[in-house]
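Listing of run_15.txt, compact mmCIF, C-alpha atoms
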```txt
# COMPACT_ATOMS: atom_id res chain seq x y z
CA MET A 1 0.80 -8.10 -18.74
CA SER A 2 4.13 -6.35 -18.13
CA ALA A 3 7.18 -8.33 -17.03
CA ALA A 4 7.35 -6.16 -13.90
CA LEU A 5 3.78 -7.10 -12.95
CA GLU A 6 4.55 -10.79 -13.53
CA SER A 7 7.53 -10.41 -11.20
CA LEU A 8 5.36 -8.74 -8.54
CA LEU A 9 2.75 -11.49 -8.80
CA ASP A 10 5.51 -14.06 -8.33
CA LEU A 11 6.58 -12.14 -5.22
CA LEU A 12 3.06 -12.40 -3.79
CA ASP A 13 2.79 -16.12 -4.59
CA LEU A 14 4.24 -17.32 -1.28
CA GLU A 15 5.78 -20.73 -0.78
CA GLN A 16 3.96 -22.84 1.80
CA ILE A 17 6.56 -24.62 3.93
CA GLU A 18 4.25 -26.00 6.64
CA ARG A 19 0.60 -25.70 7.69
CA ASP A 20 0.05 -21.98 8.33
CA ILE A 21 3.71 -21.14 7.63
CA PHE A 22 4.73 -19.42 4.40
CA ARG A 23 7.95 -18.02 2.96
CA GLY A 24 8.43 -15.04 0.68
CA THR A 25 11.27 -13.19 -0.99
CA SER A 26 11.77 -9.47 -1.58
CA ARG A 27 12.53 -7.15 -4.45
CA SER A 28 14.70 -4.04 -4.56
CA ALA A 29 13.15 -0.85 -3.23
CA VAL A 30 13.85 2.88 -3.49
CA VAL A 31 15.54 2.74 -0.06
CA PRO A 32 17.79 -0.15 1.11
CA ARG A 33 15.16 -2.05 3.07
CA VAL A 34 12.09 -4.16 2.37
CA PHE A 35 9.24 -2.01 1.04
CA GLY A 36 6.47 -1.85 3.65
CA GLY A 37 3.71 -2.38 1.11
CA GLN A 38 5.37 -5.61 0.02
CA VAL A 39 5.52 -7.16 3.50
CA ALA A 40 1.95 -6.03 4.25
CA ALA A 41 0.65 -7.55 1.00
CA GLN A 42 2.56 -10.79 1.55
CA ALA A 43 1.25 -11.08 5.11
CA LEU A 44 -2.29 -10.62 3.82
CA VAL A 45 -1.67 -13.33 1.21
CA ALA A 46 -0.54 -15.67 3.99
CA ALA A 47 -3.63 -14.89 6.07
CA GLY A 48 -5.96 -15.27 3.09
CA ARG A 49 -4.60 -18.69 2.20
CA THR A 50 -5.94 -20.05 5.51
CA VAL A 51 -9.45 -18.65 4.97
CA PRO A 52 -12.31 -20.10 2.88
CA ALA A 53 -12.49 -18.46 -0.55
CA GLU A 54 -16.04 -17.19 0.03
CA ARG A 55 -14.82 -14.97 2.88
CA THR A 56 -13.17 -11.80 1.63
CA ALA A 57 -10.89 -9.43 3.53
CA HIS A 58 -12.71 -6.46 5.05
CA SER A 59 -9.96 -4.97 7.25
CA LEU A 60 -6.35 -5.16 8.32
CA HIS A 61 -4.36 -3.55 11.11
CA SER A 62 -0.59 -3.80 11.14
CA TYR A 63 2.64 -2.62 12.76
CA PHE A 64 6.07 -2.32 11.20
CA LEU A 65 8.44 -3.48 13.93
CA ARG A 66 11.91 -3.68 12.38
CA MET A 67 13.59 -2.79 9.12
CA GLY A 68 13.38 -5.72 6.69
CA ASP A 69 16.44 -7.16 4.99
CA PRO A 70 15.75 -7.40 1.22
CA GLY A 71 18.46 -10.03 0.83
CA ALA A 72 16.89 -12.57 3.18
CA PRO A 73 13.64 -14.57 2.96
CA ILE A 74 10.70 -13.61 5.16
CA VAL A 75 8.78 -16.30 7.02
CA TYR A 76 5.08 -15.63 7.68
CA SER A 77 3.45 -17.53 10.54
CA VAL A 78 -0.37 -17.47 10.64
CA ASP A 79 -2.37 -17.83 13.84
CA ARG A 80 -5.99 -18.90 13.29
CA ILE A 81 -7.51 -16.67 15.96
CA ARG A 82 -11.20 -17.27 15.22
CA ASP A 83 -13.53 -18.85 12.67
CA GLY A 84 -17.06 -17.59 13.34
CA ARG A 85 -20.28 -17.95 11.40
CA SER A 86 -19.75 -14.66 9.54
CA PHE A 87 -16.23 -13.48 10.36
CA THR A 88 -12.78 -15.05 10.32
CA THR A 89 -9.81 -13.48 12.13
CA ARG A 90 -6.15 -14.17 11.47
CA ARG A 91 -2.92 -12.91 13.01
CA VAL A 92 0.33 -13.00 11.03
CA VAL A 93 3.89 -12.46 12.24
CA ALA A 94 6.63 -11.88 9.67
CA VAL A 95 10.07 -13.06 10.84
CA GLN A 96 13.60 -12.47 9.54
CA HIS A 97 16.84 -13.54 11.19
CA GLY A 98 14.87 -14.93 14.13
CA GLN A 99 13.12 -11.64 14.94
CA PRO A 100 9.64 -10.34 14.10
CA ILE A 101 9.72 -7.45 11.62
CA PHE A 102 5.98 -7.03 11.01
CA HIS A 103 2.69 -7.92 12.68
CA LEU A 104 -0.72 -8.02 10.99
CA SER A 105 -4.26 -8.76 12.12
CA ALA A 106 -6.81 -9.28 9.36
CA SER A 107 -10.52 -9.98 9.35
CA PHE A 108 -12.54 -11.70 6.62
CA GLN A 109 -16.32 -11.82 6.15
CA THR A 110 -18.90 -13.72 4.15
CA TYR A 111 -20.92 -11.44 1.88
CA GLU A 112 -24.17 -10.09 3.26
CA GLU A 113 -26.67 -7.34 2.47
CA GLY A 114 -26.82 -4.30 4.75
CA LEU A 115 -27.25 -0.54 5.07
CA GLU A 116 -25.48 1.49 2.39
CA HIS A 117 -24.01 4.99 2.30
CA GLN A 118 -20.65 6.51 1.43
CA ALA A 119 -18.69 9.76 1.23
CA ASP A 120 -18.83 11.32 -2.22
CA MET A 121 -15.83 11.00 -4.50
CA PRO A 122 -13.90 14.30 -4.75
CA PRO A 123 -13.28 15.91 -8.12
CA ALA A 124 -10.28 14.59 -10.04
CA PRO A 125 -9.15 14.74 -13.67
CA ASP A 126 -9.34 11.77 -16.03
CA PRO A 127 -6.28 9.59 -15.29
CA GLU A 128 -5.61 9.14 -19.00
CA THR A 129 -4.86 12.88 -19.23
CA LEU A 130 -2.10 12.74 -16.59
CA PRO A 131 1.60 11.98 -17.21
CA THR A 132 2.95 8.51 -16.51
CA ALA A 133 5.92 7.97 -14.16
CA GLU A 134 8.18 7.63 -17.20
CA GLN A 135 7.01 11.03 -18.45
CA MET A 136 6.97 12.81 -15.07
CA LEU A 137 9.99 11.62 -13.06
CA PRO A 138 12.77 12.75 -15.46
CA ARG A 139 11.58 16.34 -14.99
CA TYR A 140 12.86 16.22 -11.42
CA ALA A 141 16.11 14.30 -11.89
CA ASP A 142 18.16 17.27 -10.63
CA VAL A 143 16.48 17.32 -7.19
CA PHE A 144 17.51 13.77 -6.25
CA THR A 145 20.73 13.69 -4.22
CA ASP A 146 21.46 10.12 -5.38
CA PRO A 147 21.63 9.86 -9.19
CA GLY A 148 20.31 6.29 -8.99
CA VAL A 149 17.08 7.27 -7.22
CA MET A 150 15.13 8.05 -10.38
CA ASP A 151 15.92 4.63 -11.86
CA ARG A 152 14.87 2.94 -8.61
CA LEU A 153 11.64 4.96 -8.53
CA LEU A 154 10.86 3.94 -12.10
CA GLU A 155 11.63 0.30 -11.29
CA ALA A 156 9.42 0.41 -8.19
CA ARG A 157 6.53 1.74 -10.29
CA ALA A 158 7.00 -0.51 -13.31
CA ALA A 159 4.32 -2.99 -12.18
CA VAL A 160 1.81 -0.24 -11.34
CA ASP A 161 0.74 2.72 -13.44
CA LEU A 162 0.70 5.48 -10.80
CA ARG A 163 -0.12 9.02 -11.91
CA TYR A 164 -0.03 12.15 -9.72
CA VAL A 165 -2.96 14.53 -10.07
CA GLY A 166 -0.84 17.44 -8.75
CA ALA A 167 2.87 17.87 -8.33
CA PRO A 168 4.67 15.28 -6.18
CA PRO A 169 6.39 16.46 -2.95
CA PHE A 170 9.83 16.61 -4.60
CA ALA A 171 8.54 19.06 -7.23
CA ASN A 172 8.24 22.07 -4.90
CA VAL A 173 10.83 21.61 -2.17
CA GLY A 174 10.80 24.50 0.30
CA THR A 175 7.24 25.60 -0.49
CA PRO A 176 4.63 24.39 2.05
CA GLN A 177 1.29 23.50 0.50
CA GLU A 178 -2.11 22.19 1.49
CA PRO A 179 -1.63 18.74 3.07
CA ARG A 180 -3.55 16.90 0.38
CA SER A 181 -2.45 14.65 -2.48
CA GLN A 182 -4.19 12.60 -5.14
CA VAL A 183 -2.92 9.82 -7.39
CA TRP A 184 -4.63 7.46 -9.78
CA PHE A 185 -3.29 3.91 -9.99
CA ARG A 186 -3.88 0.54 -11.60
CA THR A 187 -1.68 -2.46 -12.38
CA ASN A 188 0.19 -2.55 -15.66
CA GLY A 189 -1.82 -5.49 -16.94
CA LYS A 190 -4.92 -7.54 -16.21
CA LEU A 191 -5.17 -9.65 -13.08
CA ALA A 192 -7.01 -12.89 -12.38
CA ASP A 193 -10.48 -12.62 -10.85
CA ASP A 194 -9.39 -13.73 -7.36
CA PRO A 195 -10.67 -11.00 -4.95
CA LEU A 196 -7.80 -11.66 -2.53
CA LEU A 197 -5.29 -10.81 -5.26
CA HIS A 198 -6.90 -7.41 -5.90
CA VAL A 199 -7.04 -6.61 -2.18
CA CYS A 200 -3.38 -7.58 -1.74
CA MET A 201 -2.33 -5.52 -4.76
CA ALA A 202 -4.14 -2.45 -3.39
CA THR A 203 -2.43 -3.07 -0.04
CA TYR A 204 0.93 -3.09 -1.82
CA VAL A 205 0.27 0.23 -3.57
CA SER A 206 -1.28 1.90 -0.52
CA ASP A 207 2.14 2.33 1.14
CA MET A 208 3.69 4.14 -1.84
CA THR A 209 2.36 7.68 -1.45
CA LEU A 210 0.22 7.93 1.72
CA LEU A 211 2.64 10.16 3.63
CA ASP A 212 3.09 12.56 0.69
CA SER A 213 0.53 14.90 2.23
CA VAL A 214 2.68 15.17 5.39
CA LEU A 215 5.64 16.22 3.26
CA LEU A 216 3.62 18.73 1.25
CA ALA A 217 2.48 20.51 4.42
CA HIS A 218 6.10 21.31 5.28
CA GLY A 219 7.63 21.80 1.84
CA ARG A 220 9.70 18.65 2.17
CA GLY A 221 10.68 16.57 -0.83
CA GLY A 222 10.91 13.20 0.88
CA TRP A 223 13.28 10.29 1.29
CA ALA A 224 14.35 10.43 -2.38
CA VAL A 225 15.47 14.05 -1.95
CA GLY A 226 17.05 13.44 1.45
CA ASP A 227 15.42 16.28 3.41
CA VAL A 228 13.54 13.87 5.69
CA VAL A 229 14.16 10.39 7.03
CA GLY A 230 11.31 8.11 7.91
CA ALA A 231 9.55 4.79 7.86
CA SER A 232 6.03 3.45 8.23
CA LEU A 233 4.98 2.70 11.81
CA ASP A 234 1.48 1.29 11.49
CA HIS A 235 -1.02 0.82 8.69
CA ALA A 236 -4.75 0.09 8.69
CA MET A 237 -7.17 -0.54 5.83
CA TRP A 238 -10.90 -1.18 5.54
CA PHE A 239 -12.21 -2.75 2.32
CA HIS A 240 -15.78 -1.54 1.85
CA ARG A 241 -16.83 -2.67 -1.61
CA PRO A 242 -15.55 -4.92 -4.40
CA PHE A 243 -13.00 -3.39 -6.75
CA ARG A 244 -10.38 -4.38 -9.28
CA ALA A 245 -6.77 -3.24 -8.87
CA ASP A 246 -6.28 -3.53 -12.65
CA GLU A 247 -8.83 -0.75 -13.21
CA TRP A 248 -8.27 2.91 -12.32
CA LEU A 249 -8.53 3.74 -8.60
CA LEU A 250 -8.33 7.27 -7.17
CA TYR A 251 -6.20 7.52 -4.01
CA ASP A 252 -7.34 10.72 -2.24
CA GLN A 253 -4.91 11.44 0.63
CA GLU A 254 -4.55 14.05 3.36
CA SER A 255 -2.62 14.62 6.57
CA PRO A 256 -4.55 15.91 9.61
CA SER A 257 -1.51 16.01 11.93
CA ALA A 258 2.24 15.79 12.36
CA SER A 259 3.97 15.93 15.75
CA GLY A 260 6.59 14.19 17.85
CA GLY A 261 8.60 13.09 14.84
CA ARG A 262 5.55 11.34 13.38
CA GLY A 263 3.15 12.18 10.56
CA LEU A 264 -0.37 10.85 10.03
CA GLY A 265 -1.89 10.17 6.64
CA GLN A 266 -5.47 9.19 5.94
CA ALA A 267 -7.06 8.41 2.61
CA ARG A 268 -9.99 7.08 0.66
CA ILE A 269 -9.69 4.99 -2.48
CA TYR A 270 -12.49 5.24 -5.06
CA THR A 271 -13.27 3.31 -8.22
CA GLN A 272 -13.43 5.39 -11.37
CA ASP A 273 -17.25 5.34 -11.26
CA GLY A 274 -17.26 6.87 -7.77
CA GLN A 275 -17.65 3.88 -5.44
CA LEU A 276 -15.78 4.20 -2.15
CA ALA A 277 -13.73 0.99 -2.10
CA ILE A 278 -11.14 1.41 0.67
CA THR A 279 -10.26 3.63 3.63
CA VAL A 280 -6.59 3.80 4.68
CA ILE A 281 -4.82 5.31 7.70
CA GLN A 282 -1.09 5.23 8.32
CA GLU A 283 1.33 6.86 10.73
CA GLY A 284 5.02 7.05 9.98
CA VAL A 285 8.24 8.43 11.37
CA VAL A 286 8.98 11.72 9.61
CA ARG A 287 12.16 13.33 10.92
CA VAL A 288 14.29 16.21 9.67
CA PRO A 289 17.90 14.97 9.39
CA ARG A 290 20.34 16.40 11.91
CA ASP A 291 23.35 18.29 10.59
```
Structure encoded using structure tokens:
Amino acid sequence: MSAALESLLDLLDLEQIERDIFRGTSRSAVVPRVFGGQVAAQALVAAGRTVPAERTAHSLHSYFLRMGDPGAPIVYSVDRIRDGRSFTTRRVVAVQHGQPIFHLSASFQTYEEGLEHQADMPPAPDPETLPTAEQMLPRYADVFTDPGVMDRLLEARAAVDLRYVGAPPFANVGTPQEPRSQVWFRTNGKLADDPLLHVCMATYVSDMTLLDSVLLAHGRGGWAVGDVVGASLDHAMWFHRPFRADEWLLYDQESPSASGGRGLGQARIYTQDGQLAITVIQEGVVRVPRD
């Protein structure tokens, strides 16, 4: 296991300070605020710690309310909304400096048999044939307005092996393309068998690239290039089938719409053998900077 992955696992191992109240810390991000995937994953950890182990997460719905301060702890307060015979519902509010910065509702379910069908996995190359972040990012060092961005991008991806199938948005600035993007990802090391851990790790990664397809549609390079400003607004996930975040997962993303200073991304995450594991939808602020 890489040191970066150990550090991320420590970040997700929240401190319990009271019944249904947890505290977490943050790590540095590409931009000077708490990474949205981190707060979403930590909130899901908090919710999951109040649920029986035999009930696994099947969905989450969340809103990013305020920019998080990476230098201050985050307190997660869990509300036990409902404990039914099959489903458990939890609400989590993340608070910093006395104000809520994030709100999550999550639902958990006991396993049961049922009807089965799924959308087919789209074609994608073998992830082992694609360049790693360490191999790919230096090619584009000259497009980043801040010389420290590449190092921060590499640091942010050190715990997760994330490989673009096509060129990232910052590779073809000024050239609009089809609003679709694919990446393969897995953690840089094996994880324990706890299903909640794998779900939380996928939640963490899901916020890294989902709005790339919005940027591609308009030939924008993204926050690292400085030709857009933005932030996640809301984020929803449905966990359909068991998966492991330490094995290759294909993140197939597209953007059906952008308007009103917002962009919508939707995606499906597949296991390498073609099982549809997760559906993700996110809307974010995507604004062109004013002169």
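The spacing separating CA of Gly189 in chain A from CA of Val160 in chain A amounts to 8.5 Å.
Taking only C-alpha atoms into account, Gln272 in chain A lies nearest to A:Asp126 out of the set A:Glu155, A:Glu254, A:Asp193, A:Asp126.
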- Query: So how far away is CA of Leu5 in chain A from CA of Leu276 in chain A, in Å?
  - Reply: 25.0 Å
- Residues at most 10 Å from Arg290 in chain A, counting all atoms listed in the file, excluding those fewer than 3 positions away in the same chain, as an MDAnalysis selection string? chainID A and resid 227:229 287
- Message: Nearest residue to Arg262 in chain A out of A:Asn188, A:Thr89, A:Gln282, A:Gln118, using only C-alpha atoms?
- Response: A:Gln282
Kindly extract all protein, DNA and RNA residues lying within 12 Å of the coordinates (18.9, -7.6, -0.3) given in the file, considering all atoms listed in the file, and supply them as a PDB file with C-alpha atoms, in the frame of the given file.
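And here's selection34.pdb as it stands now:
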```
ATOM      1  CA  THR A  25      11.270 -13.190  -0.990  1.00  0.00           C
ATOM      2  CA  SER A  26      11.770  -9.470  -1.580  1.00  0.00           C
ATOM      3  CA  ARG A  27      12.530  -7.150  -4.450  1.00  0.00           C
ATOM      4  CA  SER A  28      14.700  -4.040  -4.560  1.00  0.00           C
ATOM      5  CA  ALA A  29      13.150  -0.850  -3.230  1.00  0.00           C
ATOM      6  CA  VAL A  31      15.540   2.740  -0.060  1.00  0.00           C
ATOM      7  CA  PRO A  32      17.790  -0.150   1.110  1.00  0.00           C
ATOM      8  CA  ARG A  33      15.160  -2.050   3.070  1.00  0.00           C
ATOM      9  CA  VAL A  34      12.090  -4.160   2.370  1.00  0.00           C
ATOM     10  CA  PHE A  35       9.240  -2.010   1.040  1.00  0.00           C
ATOM     11  CA  MET A  67      13.590  -2.790   9.120  1.00  0.00           C
ATOM     12  CA  GLY A  68      13.380  -5.720   6.690  1.00  0.00           C
ATOM     13  CA  ASP A  69      16.440  -7.160   4.990  1.00  0.00           C
ATOM     14  CA  PRO A  70      15.750  -7.400   1.220  1.00  0.00           C
ATOM     15  CA  GLY A  71      18.460 -10.030   0.830  1.00  0.00           C
ATOM     16  CA  ALA A  72      16.890 -12.570   3.180  1.00  0.00           C
ATOM     17  CA  PRO A  73      13.640 -14.570   2.960  1.00  0.00           C
ATOM     18  CA  ILE A  74      10.700 -13.610   5.160  1.00  0.00           C
TER      19      ILE A  74
END
```
- Task: Identify which of the residues A:Leu130, A:Ala192, A:Ala231, A:Val199 lies closest to Phe64 in chain A, counting only C-alpha atoms when measuring atom-to-atom distances.
- Result: A:Ala231
